[in-house]
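Printed here is upload.cif (mmCIF, C-alpha atoms):
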data_upload
loop_
_atom_site.group_PDB
_atom_site.id
_atom_site.type_symbol
_atom_site.label_atom_id
_atom_site.label_comp_id
_atom_site.auth_asym_id
_atom_site.auth_seq_id
_atom_site.Cartn_x
_atom_site.Cartn_y
_atom_site.Cartn_z
ATOM 1 C CA MET A 1310 -20.770 -72.153 178.451
ATOM 2 C CA SER A 1311 -20.462 -73.517 174.935
ATOM 3 C CA HIS A 1312 -19.629 -71.398 171.921
ATOM 4 C CA ILE A 1313 -20.766 -73.307 168.833
ATOM 5 C CA ILE A 1314 -19.628 -71.875 165.523
ATOM 6 C CA GLN A 1315 -19.282 -73.094 161.930
ATOM 7 C CA CYS A 1316 -16.082 -73.557 159.949
ATOM 8 C CA ARG A 1317 -16.246 -71.229 156.939
ATOM 9 C CA ILE A 1318 -14.591 -73.767 154.644
ATOM 10 C CA CYS A 1319 -15.972 -77.219 155.431
ATOM 11 C CA GLY A 1320 -19.222 -75.973 156.984
ATOM 12 C CA LYS A 1321 -19.051 -78.310 159.986
ATOM 13 C CA LYS A 1322 -20.046 -76.904 163.370
ATOM 14 C CA PHE A 1323 -17.737 -77.137 166.374
ATOM 15 C CA ASP A 1324 -17.516 -75.841 169.924
ATOM 16 C CA THR A 1325 -14.563 -73.566 170.659
ATOM 17 C CA GLU A 1326 -14.794 -74.382 174.361
ATOM 18 C CA GLN A 1327 -14.365 -78.134 173.806
ATOM 19 C CA LEU A 1328 -11.614 -77.999 171.157
ATOM 20 C CA SER A 1329 -8.150 -76.806 172.072
ATOM 21 C CA LYS A 1330 -6.913 -73.531 170.585
ATOM 22 C CA SER A 1331 -4.517 -75.518 168.389
ATOM 23 C CA GLU A 1332 -7.436 -77.185 166.562
ATOM 24 C CA TRP A 1333 -9.198 -74.006 165.390
ATOM 25 C CA VAL A 1334 -8.192 -70.524 164.272
ATOM 26 C CA MET A 1335 -9.816 -67.083 163.978
ATOM 27 C CA PRO A 1336 -7.566 -65.019 161.634
ATOM 28 C CA VAL A 1337 -10.215 -62.330 161.138
ATOM 29 C CA PRO A 1338 -12.780 -61.330 163.773
ATOM 30 C CA LYS A 1339 -15.831 -63.617 163.706
ATOM 31 C CA TYR A 1340 -14.314 -65.851 160.987
ATOM 32 C CA TYR A 1341 -13.713 -69.280 162.499
ATOM 33 C CA TYR A 1342 -11.970 -72.194 160.790
ATOM 34 C CA HIS A 1343 -10.643 -75.619 161.630
ATOM 35 C CA ARG A 1344 -6.868 -75.178 161.617
ATOM 36 C CA LYS A 1345 -6.384 -77.867 158.937
ATOM 37 C CA CYS A 1346 -9.108 -76.383 156.699
ATOM 38 C CA TYR A 1347 -7.581 -72.921 157.035
ATOM 39 C CA GLU A 1348 -4.010 -74.064 156.328
ATOM 40 C CA ASP A 1349 -5.127 -76.025 153.245
ATOM 41 C CA TRP A 1350 -7.049 -72.997 152.021
ATOM 42 C CA ARG A 1351 -4.051 -70.677 152.615
ATOM 43 C CA GLU A 1352 -1.788 -73.003 150.616
ATOM 44 C CA ASN A 1353 -4.138 -72.951 147.615
ATOM 45 C CA LYS A 1354 -5.533 -69.434 148.032
ATOM 46 C CA TYR A 1355 -3.784 -67.863 145.064
ATOM 47 C CA ASN A 1356 -3.555 -71.018 142.998
ATOM 48 C CA PRO A 1357 -6.287 -70.764 140.348
ATOM 49 C CA LYS A 1358 -5.666 -74.365 139.308
ATOM 50 C CA ALA A 1359 -6.141 -75.773 142.827
ATOM 51 C CA ASP A 1360 -8.787 -78.437 143.227
ATOM 52 C CA ASN A 1361 -11.514 -78.530 145.852
ATOM 53 C CA LYS A 1362 -11.974 -74.780 146.061
ATOM 54 C CA PRO A 1363 -14.851 -73.792 148.303
ATOM 55 C CA GLU A 1364 -17.807 -72.015 146.774
ATOM 56 C CA ASP A 1365 -16.743 -68.667 148.251
ATOM 57 C CA TYR A 1366 -13.078 -68.988 147.208
ATOM 58 C CA TRP A 1367 -12.766 -65.499 145.725
ATOM 59 C CA TYR A 1368 -14.817 -63.872 148.489
ATOM 60 C CA GLU A 1369 -12.613 -65.433 151.167
ATOM 61 C CA SER A 1370 -9.507 -64.390 149.221
ATOM 62 C CA LEU A 1371 -10.870 -60.847 148.967
ATOM 63 C CA VAL A 1372 -11.563 -60.656 152.698
ATOM 64 C CA ASP A 1373 -8.085 -61.961 153.459
ATOM 65 C CA TYR A 1374 -6.504 -59.498 151.005
ATOM 66 C CA LEU A 1375 -8.382 -56.498 152.406
ATOM 67 C CA TYR A 1376 -7.805 -57.410 156.021
ATOM 68 C CA ARG A 1377 -4.193 -58.570 155.866
ATOM 69 C CA ASP A 1378 -2.590 -56.847 152.880
ATOM 70 C CA VAL A 1379 -4.493 -53.575 152.601
ATOM 71 C CA LYS A 1380 -4.935 -53.361 156.410
ATOM 72 C CA MET A 1381 -8.448 -52.089 155.898
ATOM 73 C CA SER A 1382 -11.121 -51.927 158.563
ATOM 74 C CA VAL A 1383 -13.668 -54.215 156.906
ATOM 75 C CA ASP A 1384 -17.413 -53.803 157.445
ATOM 76 C CA PHE A 1385 -18.349 -57.430 156.814
ATOM 77 C CA LYS A 1386 -22.087 -56.839 156.505
ATOM 78 C CA LYS A 1387 -21.554 -54.117 153.914
ATOM 79 C CA LEU A 1388 -18.905 -56.145 152.090
ATOM 80 C CA LYS A 1389 -21.128 -59.231 151.819
ATOM 81 C CA SER A 1390 -24.062 -57.111 150.631
ATOM 82 C CA GLN A 1391 -21.957 -55.438 147.947
ATOM 83 C CA TRP A 1392 -20.422 -58.785 146.947
ATOM 84 C CA ASN A 1393 -23.881 -60.302 146.487
ATOM 85 C CA LEU A 1394 -24.996 -57.268 144.477
ATOM 86 C CA PHE A 1395 -21.973 -57.357 142.155
ATOM 87 C CA THR A 1396 -22.137 -61.120 141.588
ATOM 88 C CA SER A 1397 -25.885 -61.190 140.975
ATOM 89 C CA PRO A 1398 -26.942 -62.570 137.553
ATOM 90 C CA GLY A 1399 -27.942 -59.123 136.216
ATOM 91 C CA LYS A 1400 -24.429 -57.743 136.651
ATOM 92 C CA LYS A 1401 -21.699 -58.888 134.320
ATOM 93 C CA MET A 1402 -19.036 -59.212 137.015
ATOM 94 C CA THR A 1403 -17.303 -62.422 138.010
ATOM 95 C CA PRO A 1404 -15.989 -63.141 141.517
ATOM 96 C CA LYS A 1405 -12.437 -63.454 140.160
ATOM 97 C CA GLY A 1406 -12.863 -60.164 138.279
ATOM 98 C CA ILE A 1407 -14.031 -58.402 141.438
ATOM 99 C CA PHE A 1408 -11.007 -59.716 143.340
ATOM 100 C CA PHE A 1409 -8.582 -58.503 140.673
ATOM 101 C CA ALA A 1410 -10.425 -55.164 140.340
ATOM 102 C CA ILE A 1411 -9.896 -54.514 144.042
ATOM 103 C CA GLN A 1412 -6.276 -55.578 143.745
ATOM 104 C CA TYR A 1413 -5.902 -53.204 140.781
ATOM 105 C CA TYR A 1414 -7.435 -50.361 142.786
ATOM 106 C CA TYR A 1415 -5.173 -50.743 145.817
ATOM 107 C CA ASP A 1416 -1.934 -51.991 144.230
ATOM 108 C CA VAL A 1417 -1.880 -50.079 140.925
ATOM 109 C CA LEU A 1418 -3.985 -46.974 141.566
ATOM 110 C CA HIS A 1419 -2.922 -46.769 145.237
ATOM 111 C CA GLY A 1420 -6.474 -46.191 146.462
ATOM 112 C CA ASP A 1421 -7.125 -44.954 149.992
ATOM 113 C CA PRO A 1422 -8.626 -47.674 152.233
ATOM 114 C CA ALA A 1423 -10.147 -45.037 154.527
ATOM 115 C CA LYS A 1424 -12.380 -43.774 151.705
ATOM 116 C CA ALA A 1425 -13.787 -47.275 151.162
ATOM 117 C CA GLN A 1426 -15.641 -47.157 154.489
ATOM 118 C CA GLY A 1427 -15.209 -50.902 154.911
ATOM 119 C CA GLY A 1428 -16.699 -51.892 151.550
ATOM 120 C CA ILE A 1429 -15.937 -52.474 147.876
ATOM 121 C CA GLY A 1430 -18.324 -50.003 146.265
ATOM 122 C CA ILE A 1431 -15.574 -48.733 143.955
ATOM 123 C CA VAL A 1432 -15.757 -51.972 141.929
ATOM 124 C CA SER A 1433 -18.659 -50.802 139.773
ATOM 125 C CA SER A 1434 -16.685 -47.802 138.492
ATOM 126 C CA ILE A 1435 -13.269 -49.461 138.016
ATOM 127 C CA TYR A 1436 -14.235 -52.964 136.866
ATOM 128 C CA LYS A 1437 -13.841 -52.303 133.127
ATOM 129 C CA ASP A 1438 -10.587 -50.368 133.599
ATOM 130 C CA ALA A 1439 -9.205 -53.153 135.786
ATOM 131 C CA ALA A 1440 -10.192 -55.812 133.251
ATOM 132 C CA ALA A 1441 -8.532 -53.812 130.471
ATOM 133 C CA TYR A 1442 -5.401 -53.338 132.596
ATOM 134 C CA TRP A 1443 -5.036 -57.040 133.467
ATOM 135 C CA THR A 1444 -5.823 -58.127 129.894
ATOM 136 C CA ASP A 1445 -3.312 -55.666 128.448
ATOM 137 C CA LEU A 1446 -0.689 -56.687 130.982
ATOM 138 C CA GLU A 1447 -1.220 -60.375 130.217
ATOM 139 C CA TYR A 1448 -1.070 -59.646 126.478
ATOM 140 C CA LYS A 1449 2.212 -57.715 126.777
ATOM 141 C CA LYS A 1450 3.827 -60.120 129.190
ATOM 142 C CA ALA A 1451 2.387 -63.610 129.028
ATOM 143 C CA GLY A 1452 2.279 -65.264 132.425
ATOM 144 C CA THR A 1453 2.113 -62.027 134.401
ATOM 145 C CA LEU A 1454 -0.854 -63.165 136.466
ATOM 146 C CA GLU A 1455 0.941 -66.406 137.278
ATOM 147 C CA LYS A 1456 3.969 -64.374 138.420
ATOM 148 C CA ILE A 1457 1.758 -62.219 140.641
ATOM 149 C CA ILE A 1458 0.296 -65.343 142.189
ATOM 150 C CA ALA A 1459 3.817 -66.710 142.758
ATOM 151 C CA GLN A 1460 4.888 -63.416 144.386
ATOM 152 C CA MET A 1461 1.896 -63.528 146.687
ATOM 153 C CA GLU A 1462 2.777 -67.073 147.683
ATOM 154 C CA ALA A 1463 6.375 -66.018 148.374
ATOM 155 C CA ARG A 1464 5.152 -63.074 150.436
ATOM 156 C CA ARG A 1465 2.889 -65.400 152.396
ATOM 157 C CA GLU A 1466 5.865 -67.676 153.157
ATOM 158 C CA ARG A 1467 7.783 -64.865 154.871
ATOM 159 C CA PRO A 1468 7.688 -64.957 158.648
ATOM 160 C CA VAL A 1469 5.215 -62.655 160.333
ATOM 161 C CA VAL A 1470 6.851 -59.965 162.437
ATOM 162 C CA LYS A 1471 4.893 -58.939 165.495
ATOM 163 C CA ILE A 1472 5.406 -55.465 166.800
ATOM 164 C CA THR A 1473 4.457 -54.829 170.373
ATOM 165 C CA SER A 1474 4.183 -51.399 171.816
ATOM 166 C CA LYS A 1475 5.617 -50.611 175.184
ATOM 167 C CA LYS A 1476 3.437 -48.982 177.750
ATOM 168 C CA GLU A 1477 4.623 -45.527 178.557
ATOM 169 C CA GLU A 1478 5.358 -45.100 182.183
ATOM 170 C CA LYS A 1479 3.934 -41.991 183.667
ATOM 171 C CA ASP A 1480 6.346 -39.776 185.485
ATOM 172 C CA LYS A 1481 6.008 -40.572 189.102
ATOM 173 C CA LYS A 1482 5.274 -37.463 191.037
ATOM 174 C CA VAL A 1483 7.437 -36.908 194.011
ATOM 175 C CA ARG A 1484 5.241 -36.693 196.997
ATOM 176 C CA TRP A 1485 6.341 -34.848 199.990
ATOM 177 C CA SER A 1486 4.800 -35.056 203.317
ATOM 178 C CA LEU A 1487 4.997 -32.578 206.101
ATOM 179 C CA GLU A 1488 6.614 -35.212 208.274
ATOM 180 C CA ASP A 1489 9.733 -35.100 206.083
ATOM 181 C CA ILE A 1490 10.355 -31.429 206.866
#
Would you mind writing the structure in this file as structure tokens?
Amino acid sequence: MSHIIQCRICGKKFDTEQLSKSEWVMPVPKYYYHRKCYEDWRENKYNPKADNKPEDYWYESLVDYLYRDVKMSVDFKKLKSQWNLFTSPGKKMTPKGIFFAIQYYYDVLHGDPAKAQGGIGIVSSIYKDAAAYWTDLEYKKAGTLEKIIAQMEARRERPVVKITSKKEEKDKKVRWSLEDI
């Protein structure tokens, strides 16, 4: 049975049954990519000067940040709805500003991911504070945002350590039979 899906970066459809596992990747549940598209995107993810950014560059970066760095259980339907609401023309929020507001909330204020309930609803109340924080930080130390981007790239270059849990063996009950007596 075929499983036709669409790459989230290039937009081309492909069948996961026909392509080998080495040609496509699913880093987040239900987010499929061509391996080359995904690796190119990962290389330029935190590079604001990178060319050929997809339209949803900051949204994809936000999803990756929440899922991989914050280790948050993301409700994708809720997240996309809130993203669309915050980036609508009536609101004065930019996609990059939303990304850095969430980063401010979790990295600086040490927000609790469990209270987020899989979304980014906190953005509306912290957006101005986050913008003031990042502006002040950039004013005090020029190039701070570039250093943060470089640190994130260095962190991404580190090898991923997989931790596997061992299955606990149940104590085997000694069974006696009457024939043994």
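With all atoms listed in the file as the atoms that count, the minimum distance from A:Asp1365 to the choices A:Trp1350, A:Tyr1448, A:Tyr1442, A:Trp1485 is reached by A:Trp1350.
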Chain and number of each residue from the PyMOL selection byres ((chain A and resi 1343-1347) around 8), as a PyMOL selection string: chain A and resi 1316+1318-1319+1331-1334+1341-1342+1348-1351
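Pairwise distance (atom CA of A:Pro1422, atom CA of A:Ile1472) equals 21.7 Å.
For the point (-22.8, -59.3, 148.5) in file coordinates, the residues within 12 Å, using only C-alpha atoms, are Asp1365, Tyr1368, Asp1384, Phe1385, Lys1386, Lys1387, Leu1388, Lys1389, Ser1390, Gln1391, Trp1392, Asn1393, Leu1394, Phe1395, Thr1396, Ser1397, Pro1404, Ile1407, Gly1428, Ile1429 and Gly1430 of chain A.
Within 8 Å of stretch 1413-1421 of chain A there are Val1379, Phe1409, Ala1410, Ile1411, Ala1423, Lys1424, Ala1425, Ile1435 and Ala1439 of chain A, counting only C-alpha atoms and ignoring same-chain residues fewer than 2 positions away.
Between A:Ala1440 and the candidates A:Asp1324, A:Arg1467, A:Ser1486, A:Gln1412, the tightest atom-to-atom separation, counting all atoms listed in the file, involves A:Gln1412.
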Nearest to A:Met1402: which of A:Trp1443, A:Tyr1340, A:Tyr1436, A:Tyr1376 is it, counting only C-alpha atoms? A:Tyr1436
How big is the axis-aligned box, and where does its centre sit, when it encloses all atoms of stretch 1388-1392 of chain A listed in the file and has 6 Å added on every side, reported in Å to one decimal as AutoDock Vina command-line options?
--center_x -21.5 --center_y -57.3 --center_z 149.5 --size_x 17.2 --size_y 15.8 --size_z 17.1
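Counting only C-alpha atoms, the residue from A:Gly1406, A:Gly1452, A:Pro1338, A:Pro1468 that sits nearest to A:Ser1433 is A:Gly1406.
Closest approach to A:Arg1377 from the set A:Pro1398, A:Lys1405, A:Lys1456, A:Pro1336 is made by A:Pro1336, with distances taken over all atoms listed in the file.
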Using atom CA of A:Leu1328 and atom CA of A:Gln1315 as the two end points, give the distance in Å to one decimal. 13.0 Å
To one decimal place, how far is atom CA of A:Glu1466 from atom CA of A:Val1337 in Å? 18.7 Å
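The nearest approach to A:Tyr1374 among the residues A:Asp1445, A:Lys1437, A:Phe1408, A:Gln1426, with all atoms listed in the file taken into account, belongs to A:Phe1408.
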Since fewer atoms than expected are present, regenerate all heavy atoms for stretch 1382-1393 of chain A and write them as a PDB file, in the coordinates of the input.
ATOM      1  N   SER A1382     -10.089 -51.609 157.587  1.00  0.00           N
ATOM      2  CA  SER A1382     -11.121 -51.927 158.563  1.00  0.00           C
ATOM      3  C   SER A1382     -12.358 -52.359 157.778  1.00  0.00           C
ATOM      4  O   SER A1382     -13.046 -51.533 157.190  1.00  0.00           O
ATOM      5  CB  SER A1382     -11.425 -50.702 159.416  1.00  0.00           C
ATOM      6  OG  SER A1382     -12.513 -50.956 160.254  1.00  0.00           O
ATOM      7  N   VAL A1383     -12.630 -53.653 157.755  1.00  0.00           N
ATOM      8  CA  VAL A1383     -13.668 -54.215 156.906  1.00  0.00           C
ATOM      9  C   VAL A1383     -15.011 -54.229 157.626  1.00  0.00           C
ATOM     10  O   VAL A1383     -15.111 -54.693 158.749  1.00  0.00           O
ATOM     11  CB  VAL A1383     -13.299 -55.658 156.474  1.00  0.00           C
ATOM     12  CG1 VAL A1383     -14.375 -56.260 155.612  1.00  0.00           C
ATOM     13  CG2 VAL A1383     -11.971 -55.675 155.743  1.00  0.00           C
ATOM     14  N   ASP A1384     -16.035 -53.703 156.966  1.00  0.00           N
ATOM     15  CA  ASP A1384     -17.413 -53.803 157.445  1.00  0.00           C
ATOM     16  C   ASP A1384     -18.000 -55.027 156.742  1.00  0.00           C
ATOM     17  O   ASP A1384     -18.411 -54.955 155.591  1.00  0.00           O
ATOM     18  CB  ASP A1384     -18.189 -52.536 157.091  1.00  0.00           C
ATOM     19  CG  ASP A1384     -19.629 -52.557 157.560  1.00  0.00           C
ATOM     20  OD1 ASP A1384     -20.073 -53.603 158.081  1.00  0.00           O
ATOM     21  OD2 ASP A1384     -20.312 -51.527 157.404  1.00  0.00           O
ATOM     22  N   PHE A1385     -18.017 -56.154 157.450  1.00  0.00           N
ATOM     23  CA  PHE A1385     -18.349 -57.430 156.814  1.00  0.00           C
ATOM     24  C   PHE A1385     -19.777 -57.473 156.283  1.00  0.00           C
ATOM     25  O   PHE A1385     -20.033 -58.075 155.252  1.00  0.00           O
ATOM     26  CB  PHE A1385     -18.082 -58.584 157.786  1.00  0.00           C
ATOM     27  CG  PHE A1385     -16.625 -58.748 158.079  1.00  0.00           C
ATOM     28  CD1 PHE A1385     -16.083 -58.283 159.267  1.00  0.00           C
ATOM     29  CD2 PHE A1385     -15.785 -59.340 157.168  1.00  0.00           C
ATOM     30  CE1 PHE A1385     -14.739 -58.426 159.541  1.00  0.00           C
ATOM     31  CE2 PHE A1385     -14.438 -59.479 157.422  1.00  0.00           C
ATOM     32  CZ  PHE A1385     -13.911 -59.022 158.611  1.00  0.00           C
ATOM     33  N   LYS A1386     -20.701 -56.844 156.973  1.00  0.00           N
ATOM     34  CA  LYS A1386     -22.087 -56.839 156.505  1.00  0.00           C
ATOM     35  C   LYS A1386     -22.196 -56.070 155.183  1.00  0.00           C
ATOM     36  O   LYS A1386     -22.827 -56.521 154.228  1.00  0.00           O
ATOM     37  CB  LYS A1386     -22.980 -56.214 157.576  1.00  0.00           C
ATOM     38  CG  LYS A1386     -24.441 -56.284 157.264  1.00  0.00           C
ATOM     39  CD  LYS A1386     -25.263 -55.732 158.414  1.00  0.00           C
ATOM     40  CE  LYS A1386     -26.745 -55.793 158.089  1.00  0.00           C
ATOM     41  NZ  LYS A1386     -27.562 -55.239 159.165  1.00  0.00           N
ATOM     42  N   LYS A1387     -21.548 -54.935 155.131  1.00  0.00           N
ATOM     43  CA  LYS A1387     -21.554 -54.117 153.914  1.00  0.00           C
ATOM     44  C   LYS A1387     -20.827 -54.841 152.775  1.00  0.00           C
ATOM     45  O   LYS A1387     -21.299 -54.862 151.639  1.00  0.00           O
ATOM     46  CB  LYS A1387     -20.859 -52.786 154.214  1.00  0.00           C
ATOM     47  CG  LYS A1387     -20.808 -51.822 153.063  1.00  0.00           C
ATOM     48  CD  LYS A1387     -19.960 -50.631 153.470  1.00  0.00           C
ATOM     49  CE  LYS A1387     -20.557 -49.351 153.006  1.00  0.00           C
ATOM     50  NZ  LYS A1387     -19.756 -48.191 153.430  1.00  0.00           N
ATOM     51  N   LEU A1388     -19.693 -55.437 153.096  1.00  0.00           N
ATOM     52  CA  LEU A1388     -18.905 -56.145 152.090  1.00  0.00           C
ATOM     53  C   LEU A1388     -19.695 -57.295 151.483  1.00  0.00           C
ATOM     54  O   LEU A1388     -19.734 -57.452 150.261  1.00  0.00           O
ATOM     55  CB  LEU A1388     -17.603 -56.664 152.705  1.00  0.00           C
ATOM     56  CG  LEU A1388     -16.680 -57.430 151.768  1.00  0.00           C
ATOM     57  CD1 LEU A1388     -16.084 -56.499 150.727  1.00  0.00           C
ATOM     58  CD2 LEU A1388     -15.583 -58.106 152.553  1.00  0.00           C
ATOM     59  N   LYS A1389     -20.352 -58.092 152.312  1.00  0.00           N
ATOM     60  CA  LYS A1389     -21.128 -59.231 151.819  1.00  0.00           C
ATOM     61  C   LYS A1389     -22.306 -58.754 150.966  1.00  0.00           C
ATOM     62  O   LYS A1389     -22.602 -59.332 149.926  1.00  0.00           O
ATOM     63  CB  LYS A1389     -21.629 -60.083 152.992  1.00  0.00           C
ATOM     64  CG  LYS A1389     -22.288 -61.366 152.564  1.00  0.00           C
ATOM     65  CD  LYS A1389     -21.304 -62.302 151.891  1.00  0.00           C
ATOM     66  CE  LYS A1389     -21.948 -63.639 151.587  1.00  0.00           C
ATOM     67  NZ  LYS A1389     -21.074 -64.525 150.837  1.00  0.00           N
ATOM     68  N   SER A1390     -22.945 -57.663 151.394  1.00  0.00           N
ATOM     69  CA  SER A1390     -24.062 -57.111 150.631  1.00  0.00           C
ATOM     70  C   SER A1390     -23.598 -56.635 149.253  1.00  0.00           C
ATOM     71  O   SER A1390     -24.245 -56.918 148.235  1.00  0.00           O
ATOM     72  CB  SER A1390     -24.693 -55.953 151.409  1.00  0.00           C
ATOM     73  OG  SER A1390     -25.642 -55.295 150.632  1.00  0.00           O
ATOM     74  N   GLN A1391     -22.478 -55.919 149.219  1.00  0.00           N
ATOM     75  CA  GLN A1391     -21.957 -55.438 147.947  1.00  0.00           C
ATOM     76  C   GLN A1391     -21.483 -56.606 147.073  1.00  0.00           C
ATOM     77  O   GLN A1391     -21.680 -56.598 145.859  1.00  0.00           O
ATOM     78  CB  GLN A1391     -20.810 -54.455 148.187  1.00  0.00           C
ATOM     79  CG  GLN A1391     -21.284 -53.141 148.753  1.00  0.00           C
ATOM     80  CD  GLN A1391     -20.146 -52.230 149.156  1.00  0.00           C
ATOM     81  OE1 GLN A1391     -19.034 -52.660 149.430  1.00  0.00           O
ATOM     82  NE2 GLN A1391     -20.435 -50.936 149.210  1.00  0.00           N
ATOM     83  N   TRP A1392     -20.877 -57.604 147.687  1.00  0.00           N
ATOM     84  CA  TRP A1392     -20.422 -58.785 146.947  1.00  0.00           C
ATOM     85  C   TRP A1392     -21.602 -59.466 146.274  1.00  0.00           C
ATOM     86  O   TRP A1392     -21.538 -59.817 145.100  1.00  0.00           O
ATOM     87  CB  TRP A1392     -19.708 -59.740 147.896  1.00  0.00           C
ATOM     88  CG  TRP A1392     -19.239 -60.993 147.234  1.00  0.00           C
ATOM     89  CD1 TRP A1392     -19.909 -62.170 147.143  1.00  0.00           C
ATOM     90  CD2 TRP A1392     -18.002 -61.187 146.548  1.00  0.00           C
ATOM     91  NE1 TRP A1392     -19.165 -63.093 146.462  1.00  0.00           N
ATOM     92  CE2 TRP A1392     -17.989 -62.512 146.086  1.00  0.00           C
ATOM     93  CE3 TRP A1392     -16.906 -60.383 146.296  1.00  0.00           C
ATOM     94  CZ2 TRP A1392     -16.918 -63.041 145.383  1.00  0.00           C
ATOM     95  CZ3 TRP A1392     -15.851 -60.915 145.597  1.00  0.00           C
ATOM     96  CH2 TRP A1392     -15.853 -62.221 145.142  1.00  0.00           C
ATOM     97  N   ASN A1393     -22.686 -59.662 147.038  1.00  0.00           N
ATOM     98  CA  ASN A1393     -23.881 -60.302 146.487  1.00  0.00           C
ATOM     99  C   ASN A1393     -24.488 -59.467 145.361  1.00  0.00           C
ATOM    100  O   ASN A1393     -24.962 -60.000 144.361  1.00  0.00           O
ATOM    101  CB  ASN A1393     -24.917 -60.557 147.578  1.00  0.00           C
ATOM    102  CG  ASN A1393     -24.485 -61.643 148.535  1.00  0.00           C
ATOM    103  OD1 ASN A1393     -23.667 -62.490 148.200  1.00  0.00           O
ATOM    104  ND2 ASN A1393     -25.014 -61.605 149.738  1.00  0.00           N
TER     105      ASN A1393
END
